[in-house]
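Chemist: Please find one structure pasted underneath; my questions will follow.
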Amino acid sequence: GAVVSQHPSWVICKSGTSVKIECRSLDFQATTMFWYRQFPKQSLMLMATSNEGSKATYEQGVEKDKFLINHASLTLSTLTVTSAHPEDSSFYICSAHLSGRGSNQPQHFGDGTRLSIL
Amino acid sequence: AQKITQTQPGMFVQEKEAVTLDCTYDTSDPSYGLFWYKQPSSGEMIFLIYQGSYDQQNATEGRYSLNFQKARKSANLVISASQLGDSAMYFCAMREDTGRRALTFGSGTRLQVQP
């Protein structure tokens, strides 16, 4: 079946560091990928929609200069947390929707990245 | 206003019994999809079941079934014959077919299956 790979699965780094998270669709093309953030004991909140070949669409309250998204190909989207601070510590998870398929197709999720900023 | 509401923060069920997890939704889009995902403690999101707004019959996938009541805007998940491995967070989600088509999630229900 369709698989989404997310890397790294765990990051611990110092405050001020920039961290890049990759999301790859392994056996299908995805013109659109989504980035979610999940704080402990909370639900997933959409951060941004990543569009292949164009700018990402950010949700209200999400700083686009802090969370840089690049979707350079049909199988890869990256999220870079720039100058990360402890409040950016969270679980980040990406998902992809099969291009050209109907609405009954589930979004396939990566396994997520746990980001801890010291 | 919340688009997806899960009113049960936590649920307990005995092994081998059935359990219903509640979900109500709100949308003005006539075409939408409803999903249930399971999230174990390891964090990955596991797709369980889908119900389309135009589907006439309730969806079923093995031990999972979705009790879809469109007029009441509810999409409850029924897990039959609960297993210890079913213990996890369960999220109801909706995708409206207009716009960006991202998923909107409910707050989740933590299910604990007791032996």
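How things are named: the first chain in the structure tokens is A, the next is B, and so on; residues count from 1 in each chain; ligands count from 1 in the order shown.
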Would you mind listing what lies within 8 Å of Arg37 of chain A as number ranges by chain, with only C-alpha atoms counted and same-chain residues fewer than 6 positions away left out?

Modeler: A: 44-47, 90-93

Chemist: Just the selected residues (C-alpha atoms), exported as a compact mmCIF listing (two decimals), in the first residue's frame, please.

Modeler:
# COMPACT_ATOMS: atom_id res chain seq x y z
CA LEU A 44 -3.38 17.35 15.49
CA MET A 45 -3.52 20.90 14.26
CA LEU A 46 -2.89 21.77 10.65
CA MET A 47 0.08 24.08 10.22
CA SER A 90 6.29 19.27 19.68
CA PHE A 91 5.36 16.27 17.55
CA TYR A 92 5.35 17.18 13.87
CA ILE A 93 3.65 14.86 11.42

Chemist: Pull out every residue of chain A sitting within 12 Å of chain B, counting only C-alpha atoms, and send them as a PyMOL selection string.

Modeler: chain A and resi 2-6+9-10+31-51+56-59+90-99+101-114

Chemist: Which polymer residues have any atom within 12 Å of an atom of Gln56 of chain B, counting only C-alpha atoms, with same-chain residues fewer than 2 positions away left out, as a list of chain:residue names?

Modeler: B:Gln51, B:Gly52, B:Ser53, B:Tyr54, B:Asn58, B:Ala59, B:Asn67, B:Phe68, B:Gln69, B:Lys70

Chemist: Determine, counting only C-alpha atoms, which protein, DNA and RNA residues have an atom within 6 Å of an atom of segment 22-29 of chain B; residues of the same chain fewer than 2 positions away are not included. Present the result as a list in words.

Modeler: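 Counting only the stated atoms, we get Lys3, Ile4, Thr5, Gln6, Ser31, Lys73, Ser74, Ala75 and Asn76 of chain B.
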
Chemist: Tell me, which residues of segment 3-61 of chain B carry DSSP strand (DSSP E or B), written as number ranges by chain?

Modeler: B: 4-5, 10-14, 19-21, 24-25, 32-39, 46-52, 60-61

Chemist: Selected residues, N, CA and C atoms, written as a PDB file, in the first residue's frame, please.

Modeler:
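Result file again_28.pdb:
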ATOM      1  N   ILE B   4     -15.301  19.354  14.496  1.00  0.00           N
ATOM      2  CA  ILE B   4     -15.358  17.956  14.914  1.00  0.00           C
ATOM      3  C   ILE B   4     -15.353  17.918  16.436  1.00  0.00           C
ATOM      4  N   THR B   5     -16.306  17.240  16.997  1.00  0.00           N
ATOM      5  CA  THR B   5     -16.429  17.178  18.452  1.00  0.00           C
ATOM      6  C   THR B   5     -16.408  15.735  18.926  1.00  0.00           C
ATOM      7  N   GLY B  10     -11.954  10.008  27.655  1.00  0.00           N
ATOM      8  CA  GLY B  10     -11.437   8.680  27.938  1.00  0.00           C
ATOM      9  C   GLY B  10     -12.557   7.670  28.047  1.00  0.00           C
ATOM     10  N   MET B  11     -12.245   6.447  27.626  1.00  0.00           N
ATOM     11  CA  MET B  11     -13.224   5.363  27.708  1.00  0.00           C
ATOM     12  C   MET B  11     -12.520   4.091  28.162  1.00  0.00           C
ATOM     13  N   PHE B  12     -13.255   3.299  28.950  1.00  0.00           N
ATOM     14  CA  PHE B  12     -12.773   1.984  29.352  1.00  0.00           C
ATOM     15  C   PHE B  12     -13.699   0.938  28.768  1.00  0.00           C
ATOM     16  N   VAL B  13     -13.135  -0.192  28.382  1.00  0.00           N
ATOM     17  CA  VAL B  13     -13.950  -1.304  27.894  1.00  0.00           C
ATOM     18  C   VAL B  13     -13.270  -2.604  28.299  1.00  0.00           C
ATOM     19  N   GLN B  14     -14.088  -3.582  28.587  1.00  0.00           N
ATOM     20  CA  GLN B  14     -13.550  -4.901  28.903  1.00  0.00           C
ATOM     21  C   GLN B  14     -13.165  -5.619  27.618  1.00  0.00           C
ATOM     22  N   VAL B  19     -17.401  -1.384  21.962  1.00  0.00           N
ATOM     23  CA  VAL B  19     -17.366  -0.019  22.501  1.00  0.00           C
ATOM     24  C   VAL B  19     -17.685   0.957  21.370  1.00  0.00           C
ATOM     25  N   THR B  20     -18.369   2.033  21.731  1.00  0.00           N
ATOM     26  CA  THR B  20     -18.717   3.076  20.761  1.00  0.00           C
ATOM     27  C   THR B  20     -18.023   4.373  21.141  1.00  0.00           C
ATOM     28  N   LEU B  21     -17.306   4.924  20.197  1.00  0.00           N
ATOM     29  CA  LEU B  21     -16.649   6.219  20.389  1.00  0.00           C
ATOM     30  C   LEU B  21     -17.425   7.263  19.591  1.00  0.00           C
ATOM     31  N   THR B  24     -19.277  13.965  16.547  1.00  0.00           N
ATOM     32  CA  THR B  24     -20.220  14.792  15.806  1.00  0.00           C
ATOM     33  C   THR B  24     -19.436  15.823  15.008  1.00  0.00           C
ATOM     34  N   TYR B  25     -20.051  16.291  13.943  1.00  0.00           N
ATOM     35  CA  TYR B  25     -19.325  17.197  13.054  1.00  0.00           C
ATOM     36  C   TYR B  25     -20.237  18.314  12.594  1.00  0.00           C
ATOM     37  N   TYR B  32     -18.342  15.646   1.698  1.00  0.00           N
ATOM     38  CA  TYR B  32     -17.268  15.574   2.692  1.00  0.00           C
ATOM     39  C   TYR B  32     -17.008  14.109   3.028  1.00  0.00           C
ATOM     40  N   GLY B  33     -15.897  13.888   3.674  1.00  0.00           N
ATOM     41  CA  GLY B  33     -15.545  12.550   4.103  1.00  0.00           C
ATOM     42  C   GLY B  33     -15.232  12.547   5.588  1.00  0.00           C
ATOM     43  N   LEU B  34     -15.564  11.460   6.229  1.00  0.00           N
ATOM     44  CA  LEU B  34     -15.307  11.311   7.659  1.00  0.00           C
ATOM     45  C   LEU B  34     -14.364  10.135   7.868  1.00  0.00           C
ATOM     46  N   PHE B  35     -13.377  10.313   8.711  1.00  0.00           N
ATOM     47  CA  PHE B  35     -12.337   9.321   8.917  1.00  0.00           C
ATOM     48  C   PHE B  35     -12.152   9.067  10.409  1.00  0.00           C
ATOM     49  N   TRP B  36     -11.722   7.871  10.703  1.00  0.00           N
ATOM     50  CA  TRP B  36     -11.252   7.555  12.044  1.00  0.00           C
ATOM     51  C   TRP B  36      -9.816   7.054  11.953  1.00  0.00           C
ATOM     52  N   TYR B  37      -8.994   7.594  12.849  1.00  0.00           N
ATOM     53  CA  TYR B  37      -7.596   7.178  12.946  1.00  0.00           C
ATOM     54  C   TYR B  37      -7.306   6.721  14.370  1.00  0.00           C
ATOM     55  N   LYS B  38      -6.404   5.770  14.464  1.00  0.00           N
ATOM     56  CA  LYS B  38      -5.916   5.275  15.753  1.00  0.00           C
ATOM     57  C   LYS B  38      -4.482   5.757  15.925  1.00  0.00           C
ATOM     58  N   GLN B  39      -4.180   6.287  17.107  1.00  0.00           N
ATOM     59  CA  GLN B  39      -2.816   6.727  17.385  1.00  0.00           C
ATOM     60  C   GLN B  39      -2.305   6.034  18.651  1.00  0.00           C
ATOM     61  N   ILE B  46      -2.846   5.665  12.326  1.00  0.00           N
ATOM     62  CA  ILE B  46      -3.266   4.472  11.607  1.00  0.00           C
ATOM     63  C   ILE B  46      -4.697   4.675  11.132  1.00  0.00           C
ATOM     64  N   PHE B  47      -4.898   4.639   9.818  1.00  0.00           N
ATOM     65  CA  PHE B  47      -6.228   4.809   9.247  1.00  0.00           C
ATOM     66  C   PHE B  47      -7.084   3.585   9.564  1.00  0.00           C
ATOM     67  N   LEU B  48      -8.302   3.832  10.023  1.00  0.00           N
ATOM     68  CA  LEU B  48      -9.199   2.731  10.377  1.00  0.00           C
ATOM     69  C   LEU B  48     -10.355   2.586   9.400  1.00  0.00           C
ATOM     70  N   ILE B  49     -11.070   3.685   9.147  1.00  0.00           N
ATOM     71  CA  ILE B  49     -12.314   3.566   8.402  1.00  0.00           C
ATOM     72  C   ILE B  49     -12.702   4.914   7.830  1.00  0.00           C
ATOM     73  N   TYR B  50     -13.441   4.860   6.712  1.00  0.00           N
ATOM     74  CA  TYR B  50     -13.882   6.073   6.008  1.00  0.00           C
ATOM     75  C   TYR B  50     -15.380   5.983   5.713  1.00  0.00           C
ATOM     76  N   GLN B  51     -16.043   7.158   5.792  1.00  0.00           N
ATOM     77  CA  GLN B  51     -17.454   7.261   5.410  1.00  0.00           C
ATOM     78  C   GLN B  51     -17.633   8.513   4.566  1.00  0.00           C
ATOM     79  N   GLY B  52     -18.158   8.368   3.386  1.00  0.00           N
ATOM     80  CA  GLY B  52     -18.422   9.515   2.537  1.00  0.00           C
ATOM     81  C   GLY B  52     -19.808  10.066   2.790  1.00  0.00           C
ATOM     82  N   THR B  60     -17.889  -0.449   7.030  1.00  0.00           N
ATOM     83  CA  THR B  60     -17.363  -1.477   7.939  1.00  0.00           C
ATOM     84  C   THR B  60     -15.991  -1.906   7.435  1.00  0.00           C
ATOM     85  N   GLU B  61     -15.092  -2.165   8.402  1.00  0.00           N
ATOM     86  CA  GLU B  61     -13.752  -2.660   8.096  1.00  0.00           C
ATOM     87  C   GLU B  61     -13.358  -3.613   9.216  1.00  0.00           C
TER      88      GLU B  61
END

Chemist: Quick one: everything within 8 Å of segment 67-79 of chain A, counting only C-alpha atoms, minus sequence neighbours fewer than 3 positions away in the same chain. Send it as number ranges by chain.

Modeler: A: 20-26, 28-31, 33, 35, 50-56, 62-64, 82

Chemist: Point out the residue among B:Glu17, B:Gln57, B:Arg63, B:Gly85 with the least atom-to-atom distance to Pro40 of chain B, counting only C-alpha atoms.

Modeler: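 Answer, going by the shortest atom-to-atom distance: B:Gly85.
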